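Chemist: Take a look at the following structure, please.
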Amino acid sequence: TFSLNVAEFGAITNDDCSTATALTLGQNGPYTSNGATTNPADPVMSCGNGGNDVWFSLTVACQLTLTADTCRATSFDTVLEVFDGTCGALNFGACNDDTCGLQSSVTWTAVPGTTYFLRVGGFGSATGNFSLDITVSGNGTFGTVFPSCGTVGLSPSASPNLGGAVQYDMTNVTGVPVMWLGINQLGVPLCAGSGCVIGTTFDVILPSGAPSFGGPIPCDPVLQGATVYTQGLDLGGPGGCPASVFGLPVSTTETVSTTIG
């Protein structure tokens, strides 16, 4: 006697190179390969005995050293390949299996205007959910120039380099978040005795209620070495300026400096 269980997966739109999903610099996903197949017309994966693959594409605007990886939020043993060329006439670039645990990572130099195809398969044709993150190599850095007050914080991530991408996320927000970017440091106390500081000028102010901000850095050599600053307010957040000052409590995030590499 036995039982027979049948599961139906949703259609995989990027099961083949010709329908590859476009990627952006930074974090991508979550994706799934559940229901993916191995196309016998494609080149055999050159490492990791990979199969049941899905396809992605990426085109960049300036020459960059890129790393693609599945190290974050991935549930199975991945195999990762990168190609250039065209679907049906692909040129092999790199293949990797098991760089970060059972997850994969490849690094290559991308040429402006060239489309690259990335293939994510599973070791032994395994399938599951995964991320596919693209980072840009360089010497860009994040730093902190003024501390936060209260419980709210500001977390930077991604690649602060020419052609890369940056992401800023406010954490522990309890009221209404406000974020802005500035090109100059300030260091002006927001209220006496609280330690809250307005750390930068208000050159770009995001709409109230937006606790996150991110985007690409243009491929402009003039920007290399420049520093910009990001900060946020938690309108209603505890631990900073008391309600007696502004009519509601206000706390500030740290002021994050971003030096572009």
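Labels for the structure tokens follow display order: chains A, B, ..., residues from 1 in each chain, ligands from 1.
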Looking only at the backbone, which of the residues in stretch 8-227 of chain A does DSSP tag as helix (DSSP H, G or I), as JSON, numbers by chain?
Modeler: {"A": [17, 18, 19, 221, 222, 223]}
Chemist: Create the file for the chosen residues now, containing all heavy atoms and written as a CSV table (one decimal), in the first residue's frame.
Modeler:
```csv
chain,number,residue,atom,x,y,z
A,17,CYS,N,16.3,30.8,-21.3
A,17,CYS,CA,17.1,32.0,-21.5
A,17,CYS,C,16.3,33.1,-22.2
A,17,CYS,O,16.4,34.3,-21.9
A,17,CYS,CB,18.3,31.6,-22.3
A,17,CYS,SG,19.4,33.0,-22.8
A,18,SER,N,15.5,32.7,-23.2
A,18,SER,CA,14.7,33.7,-24.0
A,18,SER,C,13.7,34.5,-23.2
A,18,SER,O,13.2,35.5,-23.6
A,18,SER,CB,14.0,33.0,-25.1
A,18,SER,OG,13.1,32.0,-24.7
A,19,THR,N,13.3,34.0,-22.0
A,19,THR,CA,12.4,34.7,-21.1
A,19,THR,C,13.0,35.1,-19.8
A,19,THR,O,12.4,35.1,-18.8
A,19,THR,CB,11.1,33.9,-20.9
A,19,THR,OG1,11.5,32.6,-20.4
A,19,THR,CG2,10.4,33.7,-22.2
A,221,PRO,N,32.3,59.9,-13.1
A,221,PRO,CA,33.6,59.9,-12.3
A,221,PRO,C,33.7,61.1,-11.4
A,221,PRO,O,34.4,61.1,-10.4
A,221,PRO,CB,34.6,60.0,-13.4
A,221,PRO,CG,34.0,59.4,-14.6
A,221,PRO,CD,32.5,59.8,-14.5
A,222,VAL,N,32.9,62.2,-11.7
A,222,VAL,CA,32.9,63.4,-10.8
A,222,VAL,C,32.5,63.0,-9.4
A,222,VAL,O,32.9,63.6,-8.4
A,222,VAL,CB,32.1,64.5,-11.4
A,222,VAL,CG1,31.9,65.7,-10.4
A,222,VAL,CG2,32.7,65.0,-12.7
A,223,LEU,N,31.6,62.0,-9.3
A,223,LEU,CA,31.0,61.6,-8.0
A,223,LEU,C,32.0,60.8,-7.1
A,223,LEU,O,31.8,60.7,-5.9
A,223,LEU,CB,29.8,60.8,-8.2
A,223,LEU,CG,28.6,61.5,-8.9
A,223,LEU,CD1,27.5,60.6,-9.1
A,223,LEU,CD2,28.1,62.7,-8.0
```
Chemist: Give one line per residue of stretch 116-171 of chain A that approaches stretch 36-58 of chain A to at most 10 Å, naming the two atoms of the closest pair and their distance in Å to one decimal, counting only C-alpha atoms; sort by chain then ascending residue number and deliver it as CSV.
Modeler:
```
residue,atom,partner,partner_atom,distance
A:Tyr116,CA,A:Leu58,CA,5.2
A:Phe117,CA,A:Ser57,CA,4.5
A:Leu118,CA,A:Phe56,CA,5.0
A:Arg119,CA,A:Trp55,CA,4.7
A:Val120,CA,A:Asp53,CA,5.3
A:Gly121,CA,A:Asp53,CA,3.9
A:Gly122,CA,A:Gly50,CA,5.0
A:Phe123,CA,A:Gly50,CA,4.6
A:Gly124,CA,A:Asn49,CA,5.6
A:Ser125,CA,A:Gly51,CA,4.1
A:Ala126,CA,A:Asn52,CA,7.1
A:Thr127,CA,A:Asn52,CA,6.9
A:Gly128,CA,A:Ala36,CA,9.6
A:Leu132,CA,A:Phe56,CA,9.2
A:Ile134,CA,A:Leu58,CA,9.5
```
Chemist: Kindly save the residues from that selection, with C-alpha atoms included, as an mmCIF file, in the first residue's frame.
Modeler:
```cif
data_model
loop_
_atom_site.group_PDB
_atom_site.id
_atom_site.type_symbol
_atom_site.label_atom_id
_atom_site.label_comp_id
_atom_site.auth_asym_id
_atom_site.auth_seq_id
_atom_site.Cartn_x
_atom_site.Cartn_y
_atom_site.Cartn_z
ATOM 1 C CA TYR A 116 24.793 39.077 -19.237
ATOM 2 C CA PHE A 117 22.706 35.991 -18.581
ATOM 3 C CA LEU A 118 22.758 34.339 -15.164
ATOM 4 C CA ARG A 119 21.482 30.820 -14.656
ATOM 5 C CA VAL A 120 20.496 29.483 -11.232
ATOM 6 C CA GLY A 121 20.125 25.726 -10.987
ATOM 7 C CA GLY A 122 20.087 23.225 -8.182
ATOM 8 C CA PHE A 123 22.767 20.696 -7.259
ATOM 9 C CA GLY A 124 21.396 17.369 -8.393
ATOM 10 C CA SER A 125 18.446 19.300 -9.938
ATOM 11 C CA ALA A 126 17.192 20.470 -6.532
ATOM 12 C CA THR A 127 14.681 23.335 -6.502
ATOM 13 C CA GLY A 128 13.474 25.882 -3.970
ATOM 14 C CA LEU A 132 20.083 36.644 -6.403
ATOM 15 C CA ILE A 134 24.371 41.812 -7.342
#
```
Chemist: Can you tell me, as an MDAnalysis selection string, which residues in stretch 5-150 of chain A count as strand (DSSP E or B) by DSSP?
Modeler: chainID A and resid 21:22 26 31:32 50:59 64:69 78:86 89:97 100 103 105:110 115:123 129:130 133:136 141:146 149
Chemist: List the spatial neighbours of A:Pro147 as a VMD selection string - criterion: any atom at most 10 Å away, only C-alpha atoms, same-chain residues fewer than 6 positions off excluded.
Modeler: chain A and resid 153 195 to 197 199 252 to 256
Chemist: Export, as a PDB file, in the first residue's frame, the selected residues with N, CA, C and O atoms.
Modeler:
```
ATOM      1  N   GLY A 153      16.752  53.842  14.544  1.00  0.00           N
ATOM      2  CA  GLY A 153      18.068  53.721  13.945  1.00  0.00           C
ATOM      3  C   GLY A 153      17.994  53.827  12.432  1.00  0.00           C
ATOM      4  O   GLY A 153      16.910  53.875  11.841  1.00  0.00           O
ATOM      5  N   GLY A 195      20.479  65.081  23.379  1.00  0.00           N
ATOM      6  CA  GLY A 195      21.460  64.420  22.536  1.00  0.00           C
ATOM      7  C   GLY A 195      21.014  64.280  21.098  1.00  0.00           C
ATOM      8  O   GLY A 195      21.749  63.727  20.268  1.00  0.00           O
ATOM      9  N   CYS A 196      19.820  64.777  20.764  1.00  0.00           N
ATOM     10  CA  CYS A 196      19.326  64.709  19.388  1.00  0.00           C
ATOM     11  C   CYS A 196      19.995  65.798  18.551  1.00  0.00           C
ATOM     12  O   CYS A 196      20.028  66.963  18.957  1.00  0.00           O
ATOM     13  N   VAL A 197      20.490  65.406  17.378  1.00  0.00           N
ATOM     14  CA  VAL A 197      21.243  66.318  16.526  1.00  0.00           C
ATOM     15  C   VAL A 197      20.707  66.238  15.103  1.00  0.00           C
ATOM     16  O   VAL A 197      20.438  65.149  14.594  1.00  0.00           O
ATOM     17  N   GLY A 199      21.973  66.320  11.737  1.00  0.00           N
ATOM     18  CA  GLY A 199      23.343  66.087  11.308  1.00  0.00           C
ATOM     19  C   GLY A 199      23.688  66.557   9.915  1.00  0.00           C
ATOM     20  O   GLY A 199      24.868  66.641   9.584  1.00  0.00           O
ATOM     21  N   THR A 252      15.805  61.038  16.694  1.00  0.00           N
ATOM     22  CA  THR A 252      16.565  61.116  15.447  1.00  0.00           C
ATOM     23  C   THR A 252      17.422  59.870  15.267  1.00  0.00           C
ATOM     24  O   THR A 252      17.932  59.297  16.243  1.00  0.00           O
ATOM     25  N   THR A 253      17.599  59.454  14.016  1.00  0.00           N
ATOM     26  CA  THR A 253      18.547  58.391  13.724  1.00  0.00           C
ATOM     27  C   THR A 253      19.965  58.954  13.748  1.00  0.00           C
ATOM     28  O   THR A 253      20.172  60.172  13.783  1.00  0.00           O
ATOM     29  N   GLU A 254      20.935  58.067  13.711  1.00  0.00           N
ATOM     30  CA  GLU A 254      22.290  58.504  13.481  1.00  0.00           C
ATOM     31  C   GLU A 254      22.382  59.154  12.101  1.00  0.00           C
ATOM     32  O   GLU A 254      21.521  58.929  11.237  1.00  0.00           O
ATOM     33  N   THR A 255      23.381  59.989  11.894  1.00  0.00           N
ATOM     34  CA  THR A 255      23.646  60.563  10.578  1.00  0.00           C
ATOM     35  C   THR A 255      24.678  59.676   9.893  1.00  0.00           C
ATOM     36  O   THR A 255      25.804  59.544  10.356  1.00  0.00           O
ATOM     37  N   VAL A 256      24.248  59.060   8.795  1.00  0.00           N
ATOM     38  CA  VAL A 256      25.099  58.116   8.066  1.00  0.00           C
ATOM     39  C   VAL A 256      25.819  58.837   6.935  1.00  0.00           C
ATOM     40  O   VAL A 256      25.169  59.536   6.125  1.00  0.00           O
TER      41      VAL A 256
END
```
Chemist: Point out the residue among A:Val111, A:Val152, A:Val178, A:Leu90 with the least atom-to-atom distance to A:Pro207, counting only C-alpha atoms.
Modeler: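 Nearest to A:Pro207: A:Val178.
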Chemist: Between atom CA of A:Asn34 and atom CA of A:Thr1, what is the distance in Å, rounded to a tenth?
Modeler: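 Going from atom CA of A:Asn34 over to atom CA of A:Thr1, I get 28.2 Å.
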Chemist: Distance atom CA of A:Phe130-atom CA of A:Leu64, one decimal place?
Modeler: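 A separation of 24.2 Å between them.
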